[in-house]
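Undergrad: TSV, C-alpha atoms and all ligand atoms, saved as upload29.tsv, coming up:
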chain	number	residue	atom	x	y	z
A	17	MET	CA	26.31	31.22	-23.82
A	18	ALA	CA	25.25	27.97	-25.57
A	19	ASP	CA	21.54	27.60	-26.36
A	20	VAL	CA	19.95	24.89	-24.23
A	21	THR	CA	18.03	22.48	-26.46
A	22	HIS	CA	15.17	20.15	-25.62
A	23	ASP	CA	17.14	17.22	-27.06
A	24	ALA	CA	20.15	17.94	-24.85
A	25	VAL	CA	17.95	17.97	-21.71
A	26	ILE	CA	16.20	14.75	-22.71
A	27	GLU	CA	19.55	13.11	-23.42
A	28	GLN	CA	20.68	13.89	-19.87
A	29	LEU	CA	17.36	12.73	-18.41
A	30	ARG	CA	17.95	9.39	-20.09
A	31	THR	CA	20.82	8.94	-17.66
A	32	VAL	CA	18.51	9.20	-14.63
A	33	ASN	CA	17.18	5.84	-13.51
A	34	ASP	CA	14.20	5.30	-11.25
A	35	PRO	CA	16.10	3.55	-8.43
A	36	GLU	CA	13.37	0.95	-7.92
A	37	LEU	CA	12.21	0.37	-11.46
A	38	HIS	CA	15.78	0.26	-12.83
A	39	LYS	CA	14.98	2.07	-16.03
A	40	ASP	CA	15.51	5.66	-17.06
A	41	LEU	CA	12.77	8.26	-16.58
A	42	VAL	CA	12.35	8.91	-20.32
A	43	THR	CA	11.86	5.22	-21.14
A	44	LEU	CA	9.46	4.92	-18.21
A	45	ASN	CA	7.44	7.79	-19.71
A	46	MET	CA	7.80	9.74	-16.47
A	47	ILE	CA	8.96	12.98	-18.13
A	48	LYS	CA	5.78	14.78	-19.07
A	49	ASP	CA	7.17	18.15	-20.11
A	50	VAL	CA	10.39	20.11	-20.46
A	51	LYS	CA	10.27	23.90	-20.77
A	52	ILE	CA	13.35	25.96	-21.51
A	53	ASP	CA	13.68	29.68	-21.00
A	54	ASN	CA	17.27	30.60	-21.77
A	55	GLY	CA	19.26	28.92	-18.98
A	56	ALA	CA	16.20	28.11	-16.87
A	57	VAL	CA	14.84	24.59	-17.32
A	58	HIS	CA	11.52	23.37	-16.00
A	59	VAL	CA	10.91	19.61	-15.85
A	60	HIS	CA	7.56	17.96	-15.14
A	61	VAL	CA	8.03	14.48	-13.64
A	62	GLU	CA	5.08	12.11	-13.31
A	63	LEU	CA	5.62	9.56	-10.55
A	64	THR	CA	4.08	6.08	-10.62
A	65	THR	CA	2.47	6.70	-7.24
A	66	PRO	CA	1.79	9.80	-5.10
A	67	ALA	CA	3.31	7.77	-2.26
A	68	CYS	CA	6.66	7.44	-4.01
A	69	PRO	CA	9.37	6.54	-1.48
A	70	LEU	CA	12.14	7.88	-3.72
A	71	LYS	CA	10.76	11.24	-4.80
A	72	ASP	CA	13.53	13.24	-3.12
A	73	GLN	CA	16.27	11.13	-4.64
A	74	ILE	CA	14.68	11.29	-8.12
A	75	GLY	CA	14.40	15.08	-7.76
A	76	ARG	CA	18.07	15.45	-6.85
A	77	ASP	CA	19.15	13.16	-9.70
A	78	VAL	CA	17.03	15.06	-12.26
A	79	GLU	CA	18.43	18.38	-11.10
A	80	ASN	CA	22.03	17.19	-11.25
A	81	ALA	CA	21.56	15.61	-14.67
A	82	VAL	CA	19.94	18.68	-16.24
A	83	LYS	CA	22.61	20.96	-14.76
A	84	ARG	CA	25.19	18.99	-16.74
A	85	VAL	CA	23.74	20.45	-19.96
A	86	ASN	CA	25.88	23.31	-21.17
A	87	GLY	CA	24.20	26.67	-20.52
A	88	VAL	CA	21.72	25.53	-17.84
A	89	ASP	CA	21.83	27.72	-14.77
A	90	SER	CA	18.64	26.75	-12.93
A	91	VAL	CA	16.28	23.77	-12.76
A	92	THR	CA	12.74	23.77	-11.41
A	93	LEU	CA	10.68	20.65	-10.93
A	94	GLU	CA	6.97	20.01	-11.19
A	95	TRP	CA	5.50	16.79	-9.80
A	96	SER	CA	2.39	14.80	-10.51
A	97	ALA	CA	1.49	11.16	-10.06
A	98	GLN	CA	-0.39	8.62	-12.09
A	99	VAL	CA	-0.73	5.27	-10.37
A	100	ARG	CA	-0.07	2.43	-12.81
A	101	SER	CA	-1.95	-0.81	-12.87
A	102	SER	CA	-0.39	-4.10	-11.88
A	103	ARG	CA	-3.39	-6.03	-13.16
A	104	GLU	CA	-3.52	-7.88	-16.43
A	105	ALA	CA	-5.21	-5.98	-19.25
A	106	GLY	CA	-8.74	-7.23	-19.87
A	107	THR	CA	-9.28	-8.46	-16.28
A	108	THR	CA	-13.04	-8.77	-15.80
A	109	GLN	CA	-13.09	-8.70	-12.00
A	110	LEU	CA	-12.66	-5.17	-10.66
A	111	PRO	CA	-11.59	-3.78	-14.06
A	112	ASN	CA	-11.28	-0.19	-12.79
A	113	VAL	CA	-9.17	-1.06	-9.78
A	114	LYS	CA	-5.52	-0.65	-10.62
A	115	ASN	CA	-3.99	-2.54	-7.70
A	116	VAL	CA	-5.31	-4.93	-5.07
A	117	ILE	CA	-3.24	-5.31	-1.91
A	118	ALA	CA	-4.19	-8.10	0.48
A	119	VAL	CA	-3.19	-7.65	4.09
A	120	GLY	CA	-2.70	-10.95	5.90
A	121	ALA	CA	-1.17	-12.25	9.10
A	122	GLY	CA	-0.04	-15.58	10.44
A	123	LYS	CA	-2.21	-15.12	13.51
A	124	GLY	CA	-4.78	-12.77	15.05
A	125	GLY	CA	-4.06	-9.80	17.26
A	126	VAL	CA	-0.89	-8.61	15.58
A	127	GLY	CA	-2.55	-5.42	14.29
A	128	LYS	CA	-3.43	-6.57	10.77
A	129	SER	CA	-6.66	-4.53	10.62
A	130	THR	CA	-4.96	-1.51	12.16
A	131	VAL	CA	-2.23	-1.69	9.53
A	132	SER	CA	-4.82	-2.16	6.73
A	133	VAL	CA	-6.54	1.03	7.86
A	134	LEU	CA	-3.28	2.96	8.18
A	135	LEU	CA	-2.20	1.82	4.70
A	136	ALA	CA	-5.55	2.85	3.20
A	137	TYR	CA	-5.66	6.27	4.87
A	138	GLY	CA	-1.93	6.83	4.37
A	139	LEU	CA	-2.28	6.29	0.61
A	140	HIS	CA	-5.43	8.43	0.51
A	141	ARG	CA	-3.68	11.24	2.38
A	142	MET	CA	-0.90	11.22	-0.20
A	143	GLY	CA	-3.44	11.71	-2.99
A	144	ALA	CA	-4.44	8.21	-4.14
A	145	LYS	CA	-7.97	6.91	-4.74
A	146	VAL	CA	-8.41	4.14	-2.20
A	147	GLY	CA	-10.92	1.46	-1.23
A	148	LEU	CA	-10.79	-0.76	1.84
A	149	MET	CA	-12.46	-4.16	1.76
A	150	ASP	CA	-12.94	-5.83	5.11
A	151	ALA	CA	-12.93	-9.56	4.44
A	152	ASP	CA	-11.96	-10.53	7.99
A	153	VAL	CA	-14.90	-12.77	8.72
A	154	TYR	CA	-13.55	-13.75	12.13
A	155	GLY	CA	-13.85	-10.20	13.40
A	156	PRO	CA	-14.76	-7.46	10.93
A	157	SER	CA	-13.35	-4.47	12.78
A	158	ILE	CA	-12.90	-2.01	9.91
A	159	PRO	CA	-16.32	-0.29	10.41
A	160	THR	CA	-15.35	0.50	14.02
A	161	MET	CA	-11.84	1.56	13.09
A	162	THR	CA	-13.21	3.98	10.47
A	163	ASN	CA	-16.24	5.12	12.46
A	164	VAL	CA	-18.93	3.78	10.11
A	165	GLU	CA	-20.25	1.00	12.33
A	166	GLY	CA	-23.90	0.22	11.60
A	167	ALA	CA	-23.83	1.87	8.18
A	168	LYS	CA	-25.88	0.13	5.50
A	169	PRO	CA	-24.63	0.36	1.93
A	170	THR	CA	-27.27	1.54	-0.57
A	171	VAL	CA	-27.93	-0.09	-3.92
A	172	ARG	CA	-27.60	1.85	-7.19
A	173	ASP	CA	-28.09	0.26	-10.61
A	174	ASN	CA	-28.01	-3.20	-8.99
A	175	LEU	CA	-24.64	-2.47	-7.41
A	176	MET	CA	-23.89	-1.89	-3.74
A	177	VAL	CA	-22.36	1.50	-3.06
A	178	PRO	CA	-19.45	1.37	-0.59
A	179	ILE	CA	-19.59	3.63	2.45
A	180	ASP	CA	-17.44	6.75	2.11
A	181	ALA	CA	-15.45	7.24	5.31
A	182	GLY	CA	-13.34	10.39	5.03
A	183	GLY	CA	-12.69	9.81	1.33
A	184	VAL	CA	-11.90	6.08	1.55
A	185	LYS	CA	-14.51	3.67	0.14
A	186	ILE	CA	-15.34	0.97	2.68
A	187	MET	CA	-17.08	-2.37	2.26
A	188	SER	CA	-17.25	-4.78	5.15
A	189	ILE	CA	-18.71	-8.14	6.00
A	190	GLY	CA	-19.59	-6.30	9.20
A	191	PHE	CA	-22.24	-4.31	7.28
A	192	MET	CA	-24.02	-7.58	6.39
A	193	VAL	CA	-23.85	-9.64	9.56
A	194	GLU	CA	-23.60	-9.05	13.25
A	195	ARG	CA	-20.06	-9.26	14.52
A	196	ASP	CA	-20.52	-12.33	16.73
A	197	LYS	CA	-22.39	-14.24	14.01
A	198	ALA	CA	-19.48	-13.81	11.64
A	199	LEU	CA	-17.52	-16.32	13.70
A	200	ILE	CA	-19.41	-19.33	12.37
A	201	TRP	CA	-18.73	-18.65	8.70
A	202	ARG	CA	-17.20	-21.35	6.57
A	203	GLY	CA	-15.08	-21.18	3.43
A	204	PRO	CA	-17.77	-21.62	0.74
A	205	MET	CA	-20.12	-19.05	2.33
A	206	VAL	CA	-17.30	-16.57	2.58
A	207	HIS	CA	-16.38	-17.20	-1.01
A	208	GLY	CA	-19.94	-16.21	-2.01
A	209	VAL	CA	-19.85	-12.94	-0.09
A	210	VAL	CA	-16.43	-12.01	-1.38
A	211	LYS	CA	-17.55	-12.75	-4.93
A	212	GLN	CA	-20.37	-10.28	-4.30
A	213	PHE	CA	-17.90	-7.72	-2.97
A	214	LEU	CA	-15.90	-8.09	-6.14
A	215	GLU	CA	-18.67	-8.24	-8.69
A	216	GLN	CA	-21.62	-6.39	-7.18
A	217	VAL	CA	-19.98	-3.42	-5.51
A	218	ASP	CA	-19.57	-0.15	-7.32
A	219	TRP	CA	-15.94	0.48	-6.36
A	220	GLY	CA	-15.54	3.02	-9.18
A	221	GLU	CA	-12.01	3.88	-10.19
A	222	LEU	CA	-9.43	3.05	-7.56
A	223	ASP	CA	-5.66	3.29	-7.48
A	224	TYR	CA	-5.47	0.85	-4.58
A	225	LEU	CA	-7.93	-1.54	-3.01
A	226	ILE	CA	-6.70	-2.74	0.38
A	227	VAL	CA	-8.22	-6.05	1.47
A	228	ASP	CA	-8.10	-6.97	5.14
A	229	LEU	CA	-8.02	-10.78	5.11
A	230	PRO	CA	-8.68	-13.09	8.04
A	231	PRO	CA	-5.56	-14.16	9.95
A	232	GLY	CA	-3.93	-17.54	9.65
A	233	THR	CA	-3.42	-20.04	6.90
A	234	GLY	CA	-6.65	-22.02	7.28
A	235	ASP	CA	-9.54	-22.71	4.97
A	236	VAL	CA	-11.10	-19.24	5.03
A	237	PRO	CA	-8.04	-17.11	4.24
A	238	LEU	CA	-7.11	-19.66	1.60
A	239	THR	CA	-10.53	-19.46	-0.09
A	240	LEU	CA	-10.41	-15.69	0.01
A	241	ALA	CA	-6.90	-15.43	-1.32
A	242	GLN	CA	-7.97	-17.62	-4.22
A	243	SER	CA	-11.12	-15.60	-4.94
A	244	ILE	CA	-9.57	-12.15	-5.09
A	245	PRO	CA	-7.40	-11.07	-8.01
A	246	MET	CA	-4.43	-9.62	-6.18
A	247	THR	CA	-1.36	-7.56	-6.90
A	248	GLY	CA	0.29	-9.11	-3.88
A	249	SER	CA	0.05	-9.66	-0.17
A	250	VAL	CA	1.48	-7.76	2.74
A	251	ILE	CA	2.09	-9.78	5.88
A	252	VAL	CA	1.83	-8.10	9.27
A	253	CYS	CA	3.55	-9.58	12.29
A	254	THR	CA	4.88	-8.69	15.69
A	255	PRO	CA	8.50	-9.36	16.63
A	256	GLN	CA	8.01	-12.43	18.87
A	257	ASP	CA	9.38	-15.71	17.58
A	258	ILE	CA	6.00	-17.38	17.57
A	259	ALA	CA	4.38	-14.59	15.53
A	260	LEU	CA	7.29	-14.75	13.10
A	261	LEU	CA	6.89	-18.46	12.66
A	262	ASP	CA	3.24	-17.93	11.73
A	263	ALA	CA	4.17	-15.03	9.45
A	264	ARG	CA	6.62	-17.23	7.56
A	265	ARG	CA	3.84	-19.76	7.06
A	266	ALA	CA	1.53	-17.01	5.74
A	267	VAL	CA	4.15	-15.75	3.28
A	268	LYS	CA	4.58	-19.29	1.99
A	269	MET	CA	0.83	-19.86	1.71
A	270	TYR	CA	0.40	-16.76	-0.45
A	271	GLU	CA	3.39	-17.71	-2.55
A	272	GLN	CA	1.93	-21.17	-3.12
A	273	LEU	CA	-1.21	-19.48	-4.39
A	274	ASN	CA	0.93	-17.50	-6.82
A	275	VAL	CA	0.19	-14.29	-4.97
A	276	GLY	CA	3.58	-12.70	-4.58
A	277	CYS	CA	4.44	-11.22	-1.21
A	278	LEU	CA	4.95	-7.46	-1.45
A	279	GLY	CA	6.66	-7.56	1.92
A	280	ILE	CA	6.51	-7.93	5.68
A	281	ILE	CA	5.57	-5.19	8.15
A	282	GLU	CA	6.64	-5.43	11.78
A	283	ASN	CA	3.95	-3.96	14.04
A	284	MET	CA	4.31	-3.13	17.75
A	285	SER	CA	7.98	-3.08	16.98
A	286	TYR	CA	9.09	-1.06	19.99
A	287	TYR	CA	7.75	1.36	22.59
A	288	LEU	CA	9.09	4.84	23.13
A	289	CYS	CA	8.25	6.19	26.59
A	290	PRO	CA	6.50	9.55	26.10
A	291	LYS	CA	7.92	10.81	29.42
A	292	CYS	CA	11.58	9.84	29.36
A	293	GLY	CA	12.13	8.82	25.71
A	294	HIS	CA	13.41	5.36	26.71
A	295	ARG	CA	13.02	2.85	23.90
A	296	ASP	CA	11.74	-0.53	25.02
A	297	GLU	CA	11.73	-3.52	22.73
A	298	LEU	CA	8.99	-5.37	24.56
A	299	PHE	CA	8.59	-8.25	22.15
A	300	ASP	CA	12.20	-8.34	21.01
A	301	HIS	CA	13.13	-6.52	17.81
A	302	GLY	CA	14.29	-6.98	14.25
A	303	GLY	CA	12.82	-10.47	13.81
A	304	ALA	CA	10.62	-9.46	10.88
A	305	ARG	CA	13.57	-7.93	9.04
A	306	ASN	CA	15.51	-11.17	9.50
A	307	ALA	CA	12.51	-13.23	8.40
A	308	SER	CA	12.16	-11.07	5.24
A	309	ASP	CA	15.83	-11.60	4.43
A	310	GLU	CA	15.48	-15.31	4.96
A	311	LEU	CA	12.36	-15.52	2.78
A	312	SER	CA	13.77	-13.09	0.19
A	313	VAL	CA	10.78	-10.76	0.45
A	314	PRO	CA	11.02	-7.00	1.05
A	315	PHE	CA	10.92	-5.59	4.56
A	316	LEU	CA	8.39	-2.73	4.47
A	317	GLY	CA	9.17	-1.17	7.83
A	318	GLU	CA	8.23	-1.15	11.47
A	319	ILE	CA	5.40	0.54	13.35
A	320	PRO	CA	5.91	1.26	17.05
A	321	LEU	CA	3.52	0.28	19.82
A	322	ASN	CA	1.86	3.57	20.53
A	323	ALA	CA	-1.14	4.66	22.57
A	324	THR	CA	-2.34	7.22	19.98
A	325	ILE	CA	-2.57	4.50	17.34
A	326	ARG	CA	-4.74	2.40	19.69
A	327	VAL	CA	-6.92	5.29	20.85
A	328	ASN	CA	-7.60	6.58	17.32
A	329	SER	CA	-8.21	3.06	16.13
A	330	ASP	CA	-10.87	2.56	18.83
A	331	LYS	CA	-12.39	5.96	18.05
A	332	GLY	CA	-12.45	5.31	14.31
A	333	ALA	CA	-10.18	8.27	13.59
A	334	PRO	CA	-7.22	6.98	11.57
A	335	GLU	CA	-6.70	10.39	9.95
A	336	LYS	CA	-5.78	11.71	13.40
A	337	THR	CA	-3.04	9.11	13.75
A	338	LEU	CA	-1.63	10.23	10.42
A	339	ALA	CA	-1.96	13.96	11.10
A	340	GLU	CA	-1.44	14.46	14.80
A	341	THR	CA	0.69	11.69	16.31
A	342	GLU	CA	4.28	12.16	17.42
A	343	ASP	CA	6.67	12.68	14.50
A	344	TYR	CA	8.45	9.35	14.93
A	345	VAL	CA	5.15	7.46	14.73
A	346	ARG	CA	3.97	9.36	11.67
A	347	SER	CA	7.25	8.95	9.85
A	348	ALA	CA	7.33	5.22	10.67
A	349	ILE	CA	3.82	4.82	9.20
A	350	GLU	CA	4.70	6.96	6.17
A	351	LYS	CA	7.73	4.76	5.49
A	352	VAL	CA	5.55	1.65	5.56
A	353	VAL	CA	2.98	3.27	3.25
A	354	THR	CA	5.55	4.49	0.72
A	355	ALA	CA	7.53	1.23	0.82
A	356	THR	CA	4.32	-0.68	0.06
A	357	ALA	CA	3.39	1.69	-2.79
A	358	GLY	CA	6.93	1.33	-4.12
A	359	GLN	CA	6.62	-2.46	-4.26
A	360	VAL	CA	3.28	-2.13	-6.06
A	361	SER	CA	4.92	0.17	-8.64
A	362	ILE	CA	7.60	-2.46	-9.19
A	363	LYS	CA	4.86	-5.05	-9.78
A	364	SER	CA	3.09	-2.81	-12.29
A	365	GLN	CA	6.35	-2.25	-14.15
A	366	LEU	CA	6.82	-6.02	-14.35
A	367	GLN	CA	3.29	-6.25	-15.72
A	368	VAL	CA	4.13	-3.69	-18.45
A	369	MET	CA	7.23	-5.69	-19.33
A	370	ALA	CA	5.49	-9.09	-19.26
A	371	PRO	CA	4.35	-9.21	-22.93
A	372	THR	CA	7.84	-8.23	-24.14
A	373	LEU	CA	9.39	-10.96	-22.03
A	374	SER	CA	7.05	-13.62	-23.34
A	375	ILE	CA	7.82	-12.72	-26.99
A	376	GLU	CA	11.56	-13.02	-26.47
A	401	LIG	P1	-5.69	-7.98	14.15
A	401	LIG	O1	-6.43	-7.41	12.99
A	401	LIG	O2	-4.35	-8.52	13.78
A	401	LIG	O3	-6.49	-8.98	14.93
A	401	LIG	P2	-6.05	-5.38	15.32
A	401	LIG	O4	-5.65	-4.49	14.22
A	401	LIG	O5	-7.51	-5.55	15.58
A	401	LIG	O6	-5.37	-6.80	15.16
A	401	LIG	O7	-5.30	-4.85	16.62
A	401	LIG	C1	-5.48	-5.46	17.89
A	401	LIG	C2	-5.42	-4.38	18.96
A	401	LIG	O8	-4.11	-3.85	19.02
A	401	LIG	C3	-6.35	-3.21	18.69
A	401	LIG	O9	-6.87	-2.75	19.91
A	401	LIG	C4	-5.43	-2.15	18.11
A	401	LIG	O10	-5.87	-0.82	18.38
A	401	LIG	C5	-4.13	-2.44	18.83
A	401	LIG	N1	-2.95	-2.08	18.05
A	401	LIG	C6	-2.60	-2.56	16.83
A	401	LIG	N2	-1.43	-2.02	16.42
A	401	LIG	C7	-1.04	-1.17	17.40
A	401	LIG	C8	0.09	-0.31	17.60
A	401	LIG	N3	1.06	-0.24	16.71
A	401	LIG	N4	0.15	0.42	18.75
A	401	LIG	C9	-0.84	0.32	19.68
A	401	LIG	N5	-1.91	-0.46	19.56
A	401	LIG	C10	-2.01	-1.21	18.45
I'd like the structure from this file rewritten - as structure tokens, please.
Ligand code: ADP
TA:
Amino acid sequence: MADVTHDAVIEQLRTVNDPELHKDLVTLNMIKDVKIDNGAVHVHVELTTPACPLKDQIGRDVENAVKRVNGVDSVTLEWSAQVRSSREAGTTQLPNVKNVIAVGAGKGGVGKSTVSVLLAYGLHRMGAKVGLMDADVYGPSIPTMTNVEGAKPTVRDNLMVPIDAGGVKIMSIGFMVERDKALIWRGPMVHGVVKQFLEQVDWGELDYLIVDLPPGTGDVPLTLAQSIPMTGSVIVCTPQDIALLDARRAVKMYEQLNVGCLGIIENMSYYLCPKCGHRDELFDHGGARNASDELSVPFLGEIPLNATIRVNSDKGAPEKTLAETEDYVRSAIEKVVTATAGQVSIKSQLQVMAPTLSIE
């Protein structure tokens, strides 16, 4: 039988493209190790996010490619993940935060904060280091949704220490002001607080910082979007026409600010009756997917209207939604989380390529 060589395995791995990053795994530096023991080959693949939406496909492609090498009779895979940064090298604001994802909405009440929390805890559950910044001055609800209401951040070495809620680092305008008082805030004041959140909070090293922005396209979300160095925005909407109209406006606002839109998420997409299984599309359905097509931004998935999501949100127990809800709800949320992480990986790959492009 022919001896399997390291070079022959690598040559085959060069034929396997990451389906989203459109480059081969060797060029992307995702192959960390290849071990060969006669016909048994062991490949260590390092993903660009633990929430990789295409892990299964990459695994199958690697296996098939390596099996094409003469003499290989088995392939085992080892996985790890190293989140890559989408931020420019040398960024002074939040230098140890690899990616900043702003969650916005065209209007209030569509579940923007709920989705921010689910994104943060979903990414954390998959193994990422995550922070959640509540910049929704109109109604800072993140402390309630993560069960840290009333917490007061301590100060260490002149930096505020975020509150740890089940492994996710939380900072909220709600820790500084009473909820009802937050309503009278104006753009410049908000800008000051957000600057503090960026410069005087010890976020430590984070793979993802999720920022829950105020809804709408007015003065305050605009000021905030301009103050925070972002990887991109995610727009949450419900399927009604009116919500979609507002969502389109939000996508355009972020684009005008040069903050690319990572995609649109449709929340309260449909309702599945727990008793009879009937699917009801209360607010119509599919509008967000159509709007994404029309605006040429990715569609990141749909989250059903579900009582467990609401109950756990009120109780401040998002981990329960991710661990204990009905399968269809969990898998819908997982799809949204992995699709978002996938778009961030694409952004970070573009960032890696940026210097090369500018030289050419
Ligand atoms: P927004 O931040 O857009 O104002 P919230 O996240 O505060 O909206 O959500 C508004 C209400 O709707 C909350 O009570 C929340 O628990 C509920 N909610 C949000 N998304 C869902 C969902 N998919 N299923 C059930 N309830 C939801």
Undergrad: Would you work out the distance separating atom CA of A:Tyr137 from atom CA of A:Leu93, expressed in Å to one decimal?
TA: 26.9 Å
Undergrad: Which one is closest to A:Thr107: A:Ile244, A:Val352, A:Leu41, A:Ile179? Count only C-alpha atoms.
TA: A:Ile244
Undergrad: Within 7 Å of (-5.6, 3.0, -6.6), all atoms listed in the file: residues as an NGL selection string?
TA: :A and (99 or 113-115 or 144-146 or 222-225)
Undergrad: At a cut-off of 9 Å and counting only C-alpha atoms and all ligand atoms, what residues surround ligand LIG 401 (chain A)? Please answer as a PyMOL selection string.
TA: chain A and resi 120-133+152+154-158+161+228-231+252-253+283-287+318-330+345
Undergrad: Which one of A:Val88, A:Ala151, A:Leu139, A:Met269 sits closest to A:Gly183 if you count only C-alpha atoms?
TA: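 Nearest candidate to A:Gly183 out of A:Val88, A:Ala151, A:Leu139, A:Met269: A:Leu139.
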Undergrad: Could you tell me how far atom CA of A:Ser102 sits from atom CA of A:Gly143, in Å to one decimal place?
TA: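 Pair atom CA of A:Gly143 / atom CA of A:Ser102 returns 18.4 Å.
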Undergrad: If you measure from atom CA of A:Gln365 to atom CA of A:Gly248, what distance in Å do you get, rounded to one decimal?
TA: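 For atom CA of A:Gln365 relative to atom CA of A:Gly248, the distance reads 13.8 Å.
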Undergrad: Using all atoms listed in the file, pick whichever of A:Pro204, A:Gly303, A:Pro314, A:Gly55 has the shortest atom-to-atom distance to A:Val267.
TA: A:Pro314
Undergrad: Produce the centre coordinates and the three edge lengths, each in Å to one decimal, of the box along x, y and z that contains all listed atoms of stretch 137-145 of chain A with 5 Å added on each side, as JSON.
TA:
{"center_x": -4.4, "center_y": 9.0, "center_z": 0.1, "size_x": 17.1, "size_y": 15.4, "size_z": 19.6}
